[in-house]
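Student: Okay, so here is work-v6.pdb, and as you'll see once you scroll down, it has PDB, C-alpha atoms.
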```pdb
ATOM      1  CA  MET A  16      96.401 102.197 108.776
ATOM      2  CA  PRO A  17      96.247 105.541 107.071
ATOM      3  CA  LEU A  18      92.991 107.121 108.188
ATOM      4  CA  TYR A  19      91.778 110.170 106.298
ATOM      5  CA  THR A  20      89.007 112.325 107.721
ATOM      6  CA  VAL A  21      87.594 114.855 105.266
ATOM      7  CA  THR A  22      85.245 117.441 106.769
ATOM      8  CA  SER A  23      83.205 119.825 104.653
ATOM      9  CA  GLN A  24      80.004 121.835 104.691
ATOM     10  CA  ALA A  25      76.883 119.820 103.904
ATOM     11  CA  GLY A  26      76.316 119.714 100.157
ATOM     12  CA  GLN A  27      79.834 120.814  99.244
ATOM     13  CA  LEU A  28      80.777 117.294  98.089
ATOM     14  CA  ARG A  29      78.114 115.289  96.293
ATOM     15  CA  ASP A  30      78.147 111.487  96.539
ATOM     16  CA  ASP A  31      79.956 111.111  93.207
ATOM     17  CA  ALA A  32      82.575 113.709  94.201
ATOM     18  CA  ARG A  33      83.163 111.922  97.510
ATOM     19  CA  ALA A  34      83.563 108.588  95.729
ATOM     20  CA  LYS A  35      86.002 110.104  93.234
ATOM     21  CA  LEU A  36      88.037 111.818  95.965
ATOM     22  CA  ALA A  37      88.106 108.588  98.009
ATOM     23  CA  SER A  38      89.391 106.696  94.975
ATOM     24  CA  GLU A  39      92.058 109.335  94.280
ATOM     25  CA  LEU A  40      93.188 109.503  97.924
ATOM     26  CA  THR A  41      93.411 105.713  98.062
ATOM     27  CA  ALA A  42      95.427 105.469  94.851
ATOM     28  CA  LEU A  43      97.764 108.293  95.879
ATOM     29  CA  HIS A  44      98.422 106.933  99.355
ATOM     30  CA  SER A  45      98.845 103.348  98.205
ATOM     31  CA  GLU A  46     101.355 104.341  95.521
ATOM     32  CA  TYR A  47     103.213 106.970  97.539
ATOM     33  CA  ALA A  48     103.448 105.037 100.817
ATOM     34  CA  GLY A  49     103.731 101.605  99.260
ATOM     35  CA  VAL A  50     100.867 100.163 101.290
ATOM     36  CA  PRO A  51      97.988  97.965 100.118
ATOM     37  CA  LYS A  52      94.851  99.844  99.111
ATOM     38  CA  ASN A  53      92.832  97.995 101.745
ATOM     39  CA  TRP A  54      94.922  99.722 104.437
ATOM     40  CA  VAL A  55      93.656 103.163 103.337
ATOM     41  CA  HIS A  56      90.512 104.312 105.165
ATOM     42  CA  ILE A  57      88.581 107.487 104.393
ATOM     43  CA  ILE A  58      85.744 109.012 106.386
ATOM     44  CA  PHE A  59      83.713 111.983 105.186
ATOM     45  CA  LEU A  60      82.048 114.202 107.765
ATOM     46  CA  GLU A  61      79.741 117.124 107.091
ATOM     47  CA  TYR A  62      78.771 120.129 109.165
ATOM     48  CA  GLU A  63      75.727 122.369 108.792
ATOM     49  CA  GLN A  64      75.902 125.799 107.178
ATOM     50  CA  ALA A  65      77.007 128.551 109.565
ATOM     51  CA  SER A  66      78.801 125.978 111.742
ATOM     52  CA  GLU A  67      82.324 126.819 110.533
ATOM     53  CA  PHE A  68      84.180 130.100 110.795
ATOM     54  CA  THR A  69      87.417 131.524 109.450
ATOM     55  CA  ALA A  70      88.738 134.734 110.982
ATOM     56  CA  GLY A  71      85.509 134.950 112.962
ATOM     57  CA  GLU A  72      83.313 134.952 109.848
ATOM     58  CA  PRO A  73      81.085 132.151 108.503
ATOM     59  CA  ALA A  74      82.959 130.127 105.882
ATOM     60  CA  ALA A  75      82.661 126.881 103.963
ATOM     61  CA  ALA A  76      86.072 125.518 104.895
ATOM     62  CA  VAL A  77      87.277 122.024 104.049
ATOM     63  CA  SER A  78      89.643 120.106 106.283
ATOM     64  CA  LEU A  79      91.560 116.907 105.749
ATOM     65  CA  THR A  80      93.282 115.167 108.634
ATOM     66  CA  LEU A  81      95.503 112.172 108.006
ATOM     67  CA  LEU A  82      96.479 109.760 110.765
ATOM     68  CA  ILE A  83      99.614 107.755 109.915
ATOM     69  CA  ARG A  84     102.334 105.811 111.687
ATOM     70  CA  THR A  85     105.414 107.778 112.731
ATOM     71  CA  GLY A  86     108.638 107.265 110.844
ATOM     72  CA  ARG A  87     108.299 109.237 107.613
ATOM     73  CA  SER A  88     110.694 112.071 106.801
ATOM     74  CA  SER A  89     109.679 115.737 106.755
ATOM     75  CA  GLU A  90     110.289 115.815 102.998
ATOM     76  CA  TYR A  91     107.982 112.831 102.511
ATOM     77  CA  LYS A  92     105.193 114.509 104.507
ATOM     78  CA  LYS A  93     105.613 117.883 102.752
ATOM     79  CA  GLU A  94     105.323 116.224  99.335
ATOM     80  CA  LEU A  95     102.327 114.200 100.480
ATOM     81  CA  LEU A  96     100.600 117.350 101.783
ATOM     82  CA  THR A  97     101.247 119.126  98.477
ATOM     83  CA  ARG A  98      99.685 116.274  96.522
ATOM     84  CA  LEU A  99      96.741 116.031  98.910
ATOM     85  CA  TRP A 100      96.133 119.784  98.666
ATOM     86  CA  ARG A 101      95.706 119.516  94.898
ATOM     87  CA  LEU A 102      93.231 116.651  95.193
ATOM     88  CA  VAL A 103      91.136 118.451  97.821
ATOM     89  CA  GLN A 104      91.186 121.731  95.920
ATOM     90  CA  VAL A 105      90.008 120.118  92.675
ATOM     91  CA  ALA A 106      87.336 118.036  94.429
ATOM     92  CA  THR A 107      85.854 120.937  96.408
ATOM     93  CA  ASN A 108      86.664 124.054  94.373
ATOM     94  CA  ALA A 109      87.438 125.664  97.716
ATOM     95  CA  PRO A 110      89.703 128.729  97.732
ATOM     96  CA  ASP A 111      93.143 128.386  99.312
ATOM     97  CA  ASP A 112      92.115 130.266 102.439
ATOM     98  CA  GLN A 113      89.330 127.737 103.091
ATOM     99  CA  ILE A 114      91.403 124.516 102.930
ATOM    100  CA  VAL A 115      93.187 123.119 105.977
ATOM    101  CA  LEU A 116      95.271 119.922 105.903
ATOM    102  CA  GLY A 117      97.108 118.221 108.730
ATOM    103  CA  ILE A 118      99.006 115.042 109.441
ATOM    104  CA  GLN A 119      98.813 113.391 112.842
ATOM    105  CA  GLU A 120     101.234 110.608 113.695
ATOM    106  CA  VAL A 121     101.009 107.657 116.049
ATOM    107  CA  PRO A 122     103.734 105.131 116.902
ATOM    108  CA  ALA A 123     103.176 101.831 115.080
ATOM    109  CA  SER A 124     103.028 100.064 118.441
ATOM    110  CA  GLN A 125      99.899 102.102 119.205
ATOM    111  CA  ALA A 126      98.003 101.259 116.010
ATOM    112  CA  MET A 127      96.162  98.147 114.916
ATOM    113  CA  GLU A 128      94.936  97.003 111.527
ATOM    114  CA  MET A 129      93.010  93.791 110.843
ATOM    115  CA  GLY A 130      93.610  92.614 114.421
ATOM    116  CA  VAL A 131      97.403  93.020 114.240
ATOM    117  CA  ILE A 132      99.653  95.666 115.816
ATOM    118  CA  MET A 133     101.126  97.671 112.938
ATOM    119  CA  PRO A 134     104.774  97.225 111.947
ATOM    120  CA  ASP A 135     107.223 100.115 112.105
ATOM    121  CA  VAL A 136     107.471 102.236 108.968
ATOM    122  CA  THR A 137     110.522 101.648 106.820
ATOM    123  CA  ALA A 138     112.184 105.054 106.343
ATOM    124  CA  SER A 139     111.112 107.114 103.339
TER     125      SER A 139
END
```
Have the structure of the file written as structure tokens, please.

Tutor:
Amino acid sequence: MPLYTVTSQAGQLRDDARAKLASELTALHSEYAGVPKNWVHIIFLEYEQASEFTAGEPAAAVSLTLLIRTGRSSEYKKELLTRLWRLVQVATNAPDDQIVLGIQEVPASQAMEMGVIMPDVTAS
């Protein structure tokens, strides 16, 4: 069920960089969360130049949003964000002030994977 959405300026991530980042995100999430790799979904979106702003100025920011089931501890999520930050920073070469990460959570009863309502998360 984990769904990653990575948004960046057009041309910031070449096809090979996207493929590498997708592989790294999949491996990290599968190992860290203990879920099968085929549960990890990653979507890359691009925006045109001059379509993103930071502090009111044009910027080439990168964002990563992760949708997961509720039930993980704050410590778990902080560590996951730290690991994700490193992967995004290496993949994009974006400066710290141009990277934004966020985790969104949904109750397992409100998520479906492969035609089945997701089970509750076992505490981590």

Student: Mind giving me the straight-line distance from CA of Leu81 in chain A to CA of Leu18 in chain A in Å, one decimal?

Tutor: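 These atoms are spaced 5.6 Å apart.
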
Student: Residues within 9 Å of Pro134 in chain A, please, as JSON, numbers by chain. Count all atoms listed in the file; anything in the same chain fewer than 2 positions from it doesn't count.

Tutor: {"A": [84, 123, 124, 126, 131, 132, 136, 137]}

Student: With distances taken over only C-alpha atoms, which of A:Ala65, A:Leu99, A:Val21, A:Val77 is nearest to Asp112 in chain A?

Tutor: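 That would be A:Val77, the residue with the smallest distance to Asp112 in chain A.
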
Student: Would you kindly return, as a list in words, each protein, DNA or RNA residue with an atom no farther than 12 Å from any atom of Asp135 in chain A, considering only C-alpha atoms and excluding same-chain residues fewer than 4 positions away?

Tutor: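 My list of contacting residues is Met16, Ile83, Arg84, Thr85, Gly86, Arg87, Val121, Pro122, Ala123, Ser124, Gln125, Ala126, Met127 and Ser139 of chain A.
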
Student: Please write the residues from the selection above to a file, keeping C-alpha atoms, as a short mmCIF file (atom, residue, chain, number, x, y, z; two decimals), in the coordinates of the input.

Tutor:
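Dumped everything to out-v5.cif:
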```cif
data_model
loop_
_atom_site.label_atom_id
_atom_site.label_comp_id
_atom_site.auth_asym_id
_atom_site.auth_seq_id
_atom_site.Cartn_x
_atom_site.Cartn_y
_atom_site.Cartn_z
CA MET A 16 96.40 102.20 108.78
CA ILE A 83 99.61 107.76 109.92
CA ARG A 84 102.33 105.81 111.69
CA THR A 85 105.41 107.78 112.73
CA GLY A 86 108.64 107.26 110.84
CA ARG A 87 108.30 109.24 107.61
CA VAL A 121 101.01 107.66 116.05
CA PRO A 122 103.73 105.13 116.90
CA ALA A 123 103.18 101.83 115.08
CA SER A 124 103.03 100.06 118.44
CA GLN A 125 99.90 102.10 119.20
CA ALA A 126 98.00 101.26 116.01
CA MET A 127 96.16 98.15 114.92
CA SER A 139 111.11 107.11 103.34
#
```

Student: A:Arg101, A:Val115, A:Ser23, A:Pro17: which is nearest Ser66 in chain A, counting all atoms listed in the file?

Tutor: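 Of A:Arg101, A:Val115, A:Ser23, A:Pro17, the one nearest Ser66 in chain A is A:Ser23, counting all atoms listed in the file.
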
Student: Might you spell out which residues the PyMOL selection byres ((chain A and resi 42) around 12) would select in the displayed file, as a PyMOL selection string?

Tutor: chain A and resi 35-41+43-57+98-99+102

Student: Residues of the last selection are to be written out with C-alpha atoms, as an mmCIF file, in the frame of the given file.

Tutor:
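Produced file out-v4.cif, reproduced below:
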```
data_model
loop_
_atom_site.group_PDB
_atom_site.id
_atom_site.type_symbol
_atom_site.label_atom_id
_atom_site.label_comp_id
_atom_site.auth_asym_id
_atom_site.auth_seq_id
_atom_site.Cartn_x
_atom_site.Cartn_y
_atom_site.Cartn_z
ATOM 1 C CA LYS A 35 86.002 110.104 93.234
ATOM 2 C CA LEU A 36 88.037 111.818 95.965
ATOM 3 C CA ALA A 37 88.106 108.588 98.009
ATOM 4 C CA SER A 38 89.391 106.696 94.975
ATOM 5 C CA GLU A 39 92.058 109.335 94.280
ATOM 6 C CA LEU A 40 93.188 109.503 97.924
ATOM 7 C CA THR A 41 93.411 105.713 98.062
ATOM 8 C CA LEU A 43 97.764 108.293 95.879
ATOM 9 C CA HIS A 44 98.422 106.933 99.355
ATOM 10 C CA SER A 45 98.845 103.348 98.205
ATOM 11 C CA GLU A 46 101.355 104.341 95.521
ATOM 12 C CA TYR A 47 103.213 106.970 97.539
ATOM 13 C CA ALA A 48 103.448 105.037 100.817
ATOM 14 C CA GLY A 49 103.731 101.605 99.260
ATOM 15 C CA VAL A 50 100.867 100.163 101.290
ATOM 16 C CA PRO A 51 97.988 97.965 100.118
ATOM 17 C CA LYS A 52 94.851 99.844 99.111
ATOM 18 C CA ASN A 53 92.832 97.995 101.745
ATOM 19 C CA TRP A 54 94.922 99.722 104.437
ATOM 20 C CA VAL A 55 93.656 103.163 103.337
ATOM 21 C CA HIS A 56 90.512 104.312 105.165
ATOM 22 C CA ILE A 57 88.581 107.487 104.393
ATOM 23 C CA ARG A 98 99.685 116.274 96.522
ATOM 24 C CA LEU A 99 96.741 116.031 98.910
ATOM 25 C CA LEU A 102 93.231 116.651 95.193
#
```

Student: Evaluate the PyMOL selection byres ((chain A and resi 76) around 9) on the structure here and hand back the selected residues as a PyMOL selection string.

Tutor: chain A and resi 22-24+67-69+74-75+77-78+109-110+112-115

Student: Ranking A:Ala32, A:Ala25, A:Ala106, A:Leu116 by minimum distance to Leu79 in chain A and counting all atoms listed in the file, which one comes first?

Tutor: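 That would be A:Leu116, the residue with the smallest distance to Leu79 in chain A.
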